[in-house]
$ cat final19.txt   # compact mmCIF, C-alpha atoms and all ligand atoms
# COMPACT_ATOMS: atom_id res chain seq x y z
CA MET A 124 17.99 -11.97 12.25
CA VAL A 125 16.30 -9.74 9.64
CA ASN A 126 12.50 -9.42 9.47
CA ILE A 127 11.37 -9.90 5.88
CA GLY A 128 8.10 -8.89 4.23
CA ILE A 129 7.25 -10.41 0.84
CA LEU A 130 4.93 -9.14 -1.89
CA ILE A 131 3.59 -11.60 -4.49
CA SER A 132 1.00 -11.75 -7.28
CA GLY A 133 1.28 -15.30 -8.57
CA SER A 134 2.45 -18.90 -8.21
CA GLY A 135 5.20 -18.07 -5.71
CA THR A 136 8.02 -20.36 -6.85
CA ASN A 137 10.51 -17.63 -5.89
CA LEU A 138 8.81 -17.33 -2.49
CA GLN A 139 9.18 -21.12 -2.11
CA ALA A 140 12.90 -20.87 -2.87
CA ILE A 141 13.28 -18.26 -0.10
CA ILE A 142 11.25 -20.38 2.37
CA ASP A 143 13.38 -23.46 1.55
CA ASN A 144 16.65 -21.53 1.98
CA ILE A 145 15.52 -20.14 5.34
CA ASN A 146 14.51 -23.67 6.46
CA GLU A 147 17.93 -24.96 5.35
CA GLY A 148 19.61 -22.26 7.48
CA ASN A 149 21.14 -20.41 4.48
CA ILE A 150 19.42 -17.09 5.26
CA ASP A 151 19.59 -15.34 8.65
CA GLY A 152 16.11 -13.90 8.26
CA GLU A 153 12.46 -14.58 9.10
CA ILE A 154 9.46 -14.01 6.80
CA LYS A 155 7.00 -12.05 8.95
CA LEU A 156 4.25 -11.54 6.35
CA VAL A 157 3.38 -12.43 2.75
CA ILE A 158 1.01 -9.97 1.04
CA SER A 159 -0.69 -10.61 -2.30
CA ASN A 160 -2.73 -8.30 -4.52
CA LYS A 161 -4.27 -11.42 -6.09
CA LYS A 162 -6.73 -13.50 -4.03
CA ASP A 163 -5.98 -16.73 -5.93
CA ALA A 164 -2.18 -16.37 -5.90
CA TYR A 165 -0.84 -19.88 -5.21
CA GLY A 166 2.01 -18.26 -3.31
CA LEU A 167 -0.46 -17.62 -0.46
CA VAL A 168 -1.00 -21.39 -0.16
CA ARG A 169 2.77 -21.99 -0.09
CA ALA A 170 3.17 -19.43 2.72
CA GLU A 171 0.28 -20.87 4.76
CA GLU A 172 1.69 -24.39 4.38
CA ALA A 173 4.99 -23.04 5.72
CA GLY A 174 3.18 -21.52 8.72
CA ILE A 175 3.76 -17.92 7.54
CA GLU A 176 1.14 -15.18 8.05
CA THR A 177 -0.53 -14.04 4.84
CA LEU A 178 -2.69 -11.13 3.75
CA TYR A 179 -4.70 -10.54 0.57
CA LEU A 180 -5.21 -6.83 -0.15
CA ASP A 181 -7.70 -5.96 -2.89
CA ARG A 182 -6.61 -2.76 -4.66
CA LYS A 183 -10.26 -2.06 -5.51
CA GLU A 184 -11.01 -1.51 -1.81
CA PHE A 185 -8.72 1.53 -1.73
CA SER A 186 -9.38 4.93 -3.31
CA THR A 187 -5.80 5.48 -4.60
CA ASP A 188 -2.54 3.60 -5.20
CA GLU A 189 -1.02 5.73 -2.44
CA GLU A 190 -3.69 4.54 0.02
CA TYR A 191 -3.09 0.95 -1.06
CA ASN A 192 0.67 1.28 -0.55
CA LYS A 193 0.14 3.02 2.79
CA LYS A 194 -1.83 -0.04 3.97
CA ILE A 195 1.00 -2.38 2.91
CA MET A 196 3.55 -0.20 4.74
CA GLU A 197 1.32 -0.17 7.83
CA GLU A 198 1.14 -3.98 7.91
CA PHE A 199 4.91 -4.31 7.45
CA THR A 200 5.63 -1.67 10.10
CA LYS A 201 3.40 -3.50 12.61
CA ARG A 202 5.69 -6.52 12.17
CA ASP A 203 8.99 -4.58 12.20
CA VAL A 204 9.79 -5.57 8.62
CA GLU A 205 13.26 -4.38 7.63
CA LEU A 206 13.64 -5.95 4.18
CA VAL A 207 10.89 -6.01 1.53
CA VAL A 208 11.15 -8.61 -1.26
CA LEU A 209 9.14 -8.42 -4.50
CA ALA A 210 8.80 -12.06 -5.57
CA GLY A 211 6.72 -11.88 -8.76
CA TYR A 212 4.78 -8.79 -7.57
CA LEU A 213 3.18 -7.11 -10.57
CA ARG A 214 2.19 -3.73 -9.11
CA ILE A 215 4.32 -0.57 -8.99
CA LEU A 216 5.24 0.70 -5.49
CA SER A 217 4.44 4.31 -4.54
CA LYS A 218 7.15 6.95 -4.30
CA GLU A 219 6.54 7.15 -0.54
CA PHE A 220 7.06 3.39 -0.19
CA VAL A 221 10.33 3.41 -2.16
CA GLN A 222 11.64 6.35 -0.14
CA LYS A 223 10.67 4.80 3.23
CA TYR A 224 12.45 1.54 2.35
CA LYS A 225 15.34 3.01 0.33
CA ASN A 226 17.90 0.25 -0.45
CA ARG A 227 15.75 -2.17 1.55
CA ILE A 228 13.51 -3.40 -1.31
CA ILE A 229 14.77 -6.24 -3.55
CA ASN A 230 13.12 -7.31 -6.83
CA ILE A 231 13.73 -10.24 -9.21
CA HIS A 232 13.34 -9.68 -12.98
CA PRO A 233 13.51 -12.49 -15.59
CA SER A 234 16.00 -10.87 -17.98
CA LEU A 235 19.52 -9.38 -18.02
CA ILE A 236 18.68 -5.74 -17.16
CA PRO A 237 18.88 -3.28 -18.93
CA SER A 238 17.62 -5.58 -21.72
CA PHE A 239 13.94 -6.51 -21.94
CA CYS A 240 12.77 -4.64 -18.84
CA GLY A 241 10.67 -1.61 -17.89
CA GLU A 242 6.99 -0.80 -18.33
CA GLY A 243 4.96 -3.75 -19.64
CA CYS A 244 7.92 -6.16 -19.46
CA TYR A 245 6.90 -8.87 -17.02
CA GLY A 246 6.32 -12.60 -16.79
CA GLU A 247 6.17 -14.64 -20.04
CA ARG A 248 6.11 -11.45 -22.16
CA VAL A 249 9.81 -10.99 -21.39
CA HIS A 250 10.74 -14.43 -22.72
CA LYS A 251 8.66 -13.88 -25.88
CA MET A 252 10.47 -10.56 -26.46
CA VAL A 253 13.86 -12.30 -26.04
CA LEU A 254 12.92 -15.01 -28.56
CA ASP A 255 11.33 -12.59 -31.04
CA TYR A 256 14.41 -10.37 -30.89
CA GLY A 257 16.69 -13.33 -31.55
CA ALA A 258 18.86 -12.74 -28.49
CA LYS A 259 21.46 -15.49 -27.87
CA ILE A 260 21.63 -15.15 -24.11
CA THR A 261 19.17 -14.06 -21.44
CA GLY A 262 19.02 -14.61 -17.70
CA ALA A 263 17.78 -13.07 -14.46
CA THR A 264 18.56 -9.96 -12.43
CA VAL A 265 18.11 -9.15 -8.76
CA HIS A 266 18.16 -5.43 -8.00
CA PHE A 267 17.25 -2.86 -5.38
CA VAL A 268 14.04 -1.02 -6.23
CA ASP A 269 14.15 2.71 -6.90
CA GLU A 270 11.47 5.03 -8.26
CA GLY A 271 11.80 3.70 -11.83
CA THR A 272 10.60 0.35 -13.21
CA ASP A 273 13.47 -2.22 -13.11
CA THR A 274 16.01 0.66 -12.89
CA GLY A 275 17.44 0.20 -9.39
CA PRO A 276 21.07 -0.77 -8.59
CA ILE A 277 21.85 -4.33 -9.64
CA ILE A 278 22.81 -6.80 -6.90
CA LEU A 279 23.25 -10.09 -8.85
CA GLN A 280 22.81 -11.34 -12.45
CA LYS A 281 23.26 -14.71 -14.15
CA ALA A 282 23.02 -15.60 -17.83
CA VAL A 283 21.65 -18.59 -19.72
CA LYS A 284 22.00 -19.52 -23.40
CA VAL A 285 18.99 -19.24 -25.71
CA GLU A 286 18.88 -22.41 -27.84
CA ASP A 287 17.39 -22.46 -31.35
CA ASP A 288 14.62 -24.79 -30.20
CA ASP A 289 13.72 -22.79 -27.09
CA THR A 290 10.08 -21.80 -26.58
CA VAL A 291 8.61 -19.24 -24.19
CA GLU A 292 7.85 -22.10 -21.80
CA SER A 293 11.31 -23.73 -21.95
CA LEU A 294 13.03 -20.35 -21.56
CA LYS A 295 10.80 -19.47 -18.60
CA GLU A 296 11.74 -22.76 -16.90
CA LYS A 297 15.47 -22.21 -17.49
CA VAL A 298 15.34 -18.65 -16.19
CA LEU A 299 13.19 -19.58 -13.17
CA LYS A 300 15.88 -22.09 -12.16
CA ILE A 301 18.38 -19.21 -12.07
CA GLU A 302 15.93 -16.96 -10.25
CA HIS A 303 15.54 -19.56 -7.48
CA GLU A 304 19.30 -19.40 -6.91
CA LEU A 305 19.86 -15.64 -7.28
CA LEU A 306 17.03 -14.23 -5.16
CA PRO A 307 17.79 -16.29 -1.99
CA GLU A 308 21.51 -15.51 -2.49
CA ALA A 309 20.84 -11.75 -2.63
CA ILE A 310 18.63 -11.95 0.49
CA LYS A 311 21.34 -13.98 2.29
CA LEU A 312 23.92 -11.29 1.45
CA TYR A 313 21.57 -8.53 2.62
CA CYS A 314 20.91 -10.34 5.92
CA GLN A 315 24.67 -10.73 6.42
CA GLY A 316 25.04 -6.95 5.95
CA ARG A 317 27.34 -7.56 2.99
CA LEU A 318 25.62 -5.31 0.42
CA SER A 319 26.92 -1.76 0.06
CA VAL A 320 25.20 0.64 -2.34
CA GLU A 321 27.38 3.41 -3.84
CA GLY A 322 25.32 5.44 -6.32
CA ARG A 323 24.22 2.97 -9.00
CA LYS A 324 26.71 0.31 -7.96
CA VAL A 325 26.20 -2.46 -5.40
CA LYS A 326 29.37 -3.83 -3.84
CA ILE A 327 29.48 -7.21 -2.05
CA ILE A 328 31.61 -6.78 1.07
CA ASP A 329 33.83 -9.78 1.93
C1 LIG B 401 9.21 -14.56 -12.12
O1 LIG B 401 9.67 -14.91 -13.39
C2 LIG B 401 9.73 -13.20 -11.73
O2 LIG B 401 11.02 -12.90 -12.27
C3 LIG B 401 8.74 -12.29 -12.34
O3 LIG B 401 7.48 -12.93 -12.13
C4 LIG B 401 7.69 -14.35 -12.10
C5 LIG B 401 7.08 -14.83 -10.79
O4 LIG B 401 7.19 -16.17 -10.64
N1 LIG B 401 8.77 -10.95 -11.78
P1 LIG B 401 6.76 -16.87 -9.24
O5 LIG B 401 5.42 -16.31 -8.85
O6 LIG B 401 7.82 -16.55 -8.21
O7 LIG B 401 6.73 -18.32 -9.58
$ encode --input "final19.txt" --output "structure tokens" --more "lines below"
Ligand code: GRF
Amino acid sequence: MVNIGILISGSGTNLQAIIDNINEGNIDGEIKLVISNKKDAYGLVRAEEAGIETLYLDRKEFSTDEEYNKKIMEEFTKRDVELVVLAGYLRILSKEFVQKYKNRIINIHPSLIPSFCGEGCYGERVHKMVLDYGAKITGATVHFVDEGTDTGPIILQKAVKVEDDDTVESLKEKVLKIEHELLPEAIKLYCQGRLSVEGRKVKIID
């Protein structure tokens, strides 16, 4: 059983997908703590309704990003968190955090990395960029987090077609559906010890 710590900033539909998969026995893990940098993140309500401990940490109450990240690490360490999941978390982790949890931090991004990712590419902006660019396919990517933004080794990806009549909203819905499959699947594989990282490549061990 793997202890999981989750960071969120918003509605938490990816968090809900993880909770549901744990409740259905698909993931051999337990969510020990959900931390949000946003007080009104609906994901906190989802966690509380599932009986999971939550914590809101206001960045403004800390002098530096490093101090803020130290506090998050402290709370996860107290609960023996082994795997950290970024489920719609919109802040950058400190270097110290990424090093402490090397190959133990998983993020979900709503595009096919390396397209439409990096600084400033998050949430609905990504889908608008895909449409404006005229791309014919998009999708979602689950990856380990390294010291770059959306640059860590890729664990899983899945594509979806962009239709001529797609809007930012319809594309977001299509991609979220994929996200809710991919992120629990990646966590399941991690908890089974079936992910092996070799340089930039992630191998799934049978
Ligand atoms: C998702 O699209 C995720 O890929 C991105 O932020 C969004 C969060 O959605 N990083 P939710 O809060 O899980 O519903």
$ residues_around --input "final19.txt" --residues "stretch 128-137 of chain A" --least-positions-apart "2" --cutoff "9 Å" --atoms "all atoms listed in the file" --output "PyMOL selection string"
chain A and resi 126+139-142+153-170+199+202+204-214+231+299+302-303+306-307
$ residues_around --input "final19.txt" --residues "A:Lys326" --least-positions-apart "5" --cutoff "12 Å" --atoms "all atoms listed in the file" --output "PyMOL selection string"
chain A and resi 276-279+309+312-313+316-321
$ closest_residue --input "final19.txt" --among "A:Asp329, A:Asp255, A:Glu176, A:Glu304" --to "ligand LIG 401 (chain B)" --atoms "all atoms listed in the file"
A:Glu304
$ atom_distance --input "final19.txt" --atom1 "atom CA of A:Cys244" --atom2 "atom CA of A:Ile145"
29.5 Å
$ closest_residue --input "final19.txt" --among "A:Asn192, A:Lys201, A:Arg227, A:His250" --to "A:Cys314" --atoms "only C-alpha atoms"
A:Arg227
$ atom_distance --input "final19.txt" --atom1 "atom CA of A:Lys259" --atom2 "atom CA of A:Val285"
5.0 Å
$ closest_residue --input "final19.txt" --among "A:Arg248, A:Lys324, A:His232, A:Lys225" --to "ligand LIG 401 (chain B)" --atoms "only C-alpha atoms and all ligand atoms"
A:His232
$ closest_residue --input "final19.txt" --among "A:Glu184, A:Glu190, A:Glu172, A:Glu292" --to "ligand LIG 401 (chain B)" --atoms "all atoms listed in the file"
A:Glu292
$ atom_distance --input "final19.txt" --atom1 "atom CA of A:Tyr256" --atom2 "atom CA of A:Ser238"
10.8 Å
$ closest_residue --input "final19.txt" --among "A:Ile228, A:Val325, A:Leu254, A:Ile301" --to "ligand LIG 401 (chain B)" --atoms "only C-alpha atoms and all ligand atoms"
A:Ile301
$ build_atoms --input "final19.txt" --residues "stretch 279-290 of chain A" --atoms "all heavy atoms" --output "tab-separated table (two decimals), keeping the file's coordinate frame"
chain	number	residue	atom	x	y	z
A	279	LEU	N	22.72	-8.86	-8.24
A	279	LEU	CA	23.25	-10.09	-8.85
A	279	LEU	C	22.59	-10.31	-10.21
A	279	LEU	O	21.44	-9.95	-10.41
A	279	LEU	CB	22.93	-11.31	-7.97
A	279	LEU	CG	23.55	-11.40	-6.58
A	279	LEU	CD1	22.94	-12.58	-5.80
A	279	LEU	CD2	25.07	-11.56	-6.66
A	280	GLN	N	23.36	-10.92	-11.15
A	280	GLN	CA	22.81	-11.34	-12.45
A	280	GLN	C	23.44	-12.67	-12.83
A	280	GLN	O	24.56	-12.98	-12.40
A	280	GLN	CB	23.16	-10.32	-13.55
A	280	GLN	CG	22.42	-9.01	-13.43
A	280	GLN	CD	22.68	-8.09	-14.60
A	280	GLN	OE1	23.82	-7.67	-14.84
A	280	GLN	NE2	21.63	-7.74	-15.35
A	281	LYS	N	22.70	-13.46	-13.60
A	281	LYS	CA	23.26	-14.71	-14.15
A	281	LYS	C	22.64	-14.96	-15.50
A	281	LYS	O	21.43	-14.72	-15.69
A	281	LYS	CB	23.00	-15.88	-13.19
A	281	LYS	CG	23.77	-17.14	-13.58
A	281	LYS	CD	23.71	-18.20	-12.49
A	281	LYS	CE	24.45	-19.46	-12.90
A	281	LYS	NZ	24.34	-20.53	-11.86
A	282	ALA	N	23.47	-15.42	-16.44
A	282	ALA	CA	23.02	-15.60	-17.83
A	282	ALA	C	22.74	-17.06	-18.15
A	282	ALA	O	23.22	-17.96	-17.47
A	282	ALA	CB	24.09	-15.07	-18.79
A	283	VAL	N	21.93	-17.24	-19.20
A	283	VAL	CA	21.65	-18.59	-19.72
A	283	VAL	C	21.54	-18.48	-21.25
A	283	VAL	O	21.11	-17.46	-21.76
A	283	VAL	CB	20.35	-19.18	-19.11
A	283	VAL	CG1	19.14	-18.35	-19.52
A	283	VAL	CG2	20.15	-20.62	-19.47
A	284	LYS	N	21.99	-19.54	-21.93
A	284	LYS	CA	22.00	-19.52	-23.40
A	284	LYS	C	20.59	-19.71	-23.94
A	284	LYS	O	19.80	-20.47	-23.37
A	284	LYS	CB	22.88	-20.68	-23.89
A	284	LYS	CG	23.63	-20.41	-25.18
A	284	LYS	CD	24.77	-21.45	-25.36
A	284	LYS	CE	25.25	-21.47	-26.80
A	284	LYS	NZ	24.23	-22.09	-27.71
A	285	VAL	N	20.27	-19.02	-25.02
A	285	VAL	CA	18.99	-19.24	-25.71
A	285	VAL	C	19.26	-20.21	-26.85
A	285	VAL	O	20.06	-19.92	-27.74
A	285	VAL	CB	18.41	-17.92	-26.26
A	285	VAL	CG1	17.08	-18.18	-26.96
A	285	VAL	CG2	18.25	-16.89	-25.17
A	286	GLU	N	18.66	-21.39	-26.81
A	286	GLU	CA	18.88	-22.41	-27.84
A	286	GLU	C	17.89	-22.20	-28.99
A	286	GLU	O	16.79	-21.65	-28.78
A	286	GLU	CB	18.70	-23.81	-27.25
A	286	GLU	CG	19.53	-24.09	-26.00
A	286	GLU	CD	21.04	-24.18	-26.28
A	286	GLU	OE1	21.42	-24.19	-27.48
A	286	GLU	OE2	21.81	-24.19	-25.30
A	287	ASP	N	18.26	-22.65	-30.17
A	287	ASP	CA	17.39	-22.46	-31.35
A	287	ASP	C	16.00	-23.05	-31.14
A	287	ASP	O	15.00	-22.52	-31.63
A	287	ASP	CB	18.04	-23.12	-32.58
A	287	ASP	CG	19.33	-22.40	-32.94
A	287	ASP	OD1	19.51	-21.26	-32.44
A	287	ASP	OD2	20.17	-22.98	-33.65
A	288	ASP	N	15.93	-24.15	-30.38
A	288	ASP	CA	14.62	-24.79	-30.20
A	288	ASP	C	13.89	-24.35	-28.92
A	288	ASP	O	12.89	-24.92	-28.50
A	288	ASP	CB	14.77	-26.32	-30.18
A	288	ASP	CG	15.68	-26.76	-29.04
A	288	ASP	OD1	16.22	-25.87	-28.34
A	288	ASP	OD2	15.87	-27.99	-28.85
A	289	ASP	N	14.39	-23.29	-28.29
A	289	ASP	CA	13.72	-22.79	-27.09
A	289	ASP	C	12.36	-22.20	-27.42
A	289	ASP	O	12.16	-21.59	-28.47
A	289	ASP	CB	14.59	-21.72	-26.38
A	289	ASP	CG	15.39	-22.30	-25.23
A	289	ASP	OD1	14.83	-23.14	-24.49
A	289	ASP	OD2	16.58	-21.92	-25.08
A	290	THR	N	11.41	-22.41	-26.49
A	290	THR	CA	10.08	-21.80	-26.58
A	290	THR	C	9.93	-20.86	-25.40
A	290	THR	O	10.78	-20.87	-24.49
A	290	THR	CB	9.00	-22.90	-26.45
A	290	THR	OG1	9.18	-23.50	-25.14
A	290	THR	CG2	9.16	-23.97	-27.53
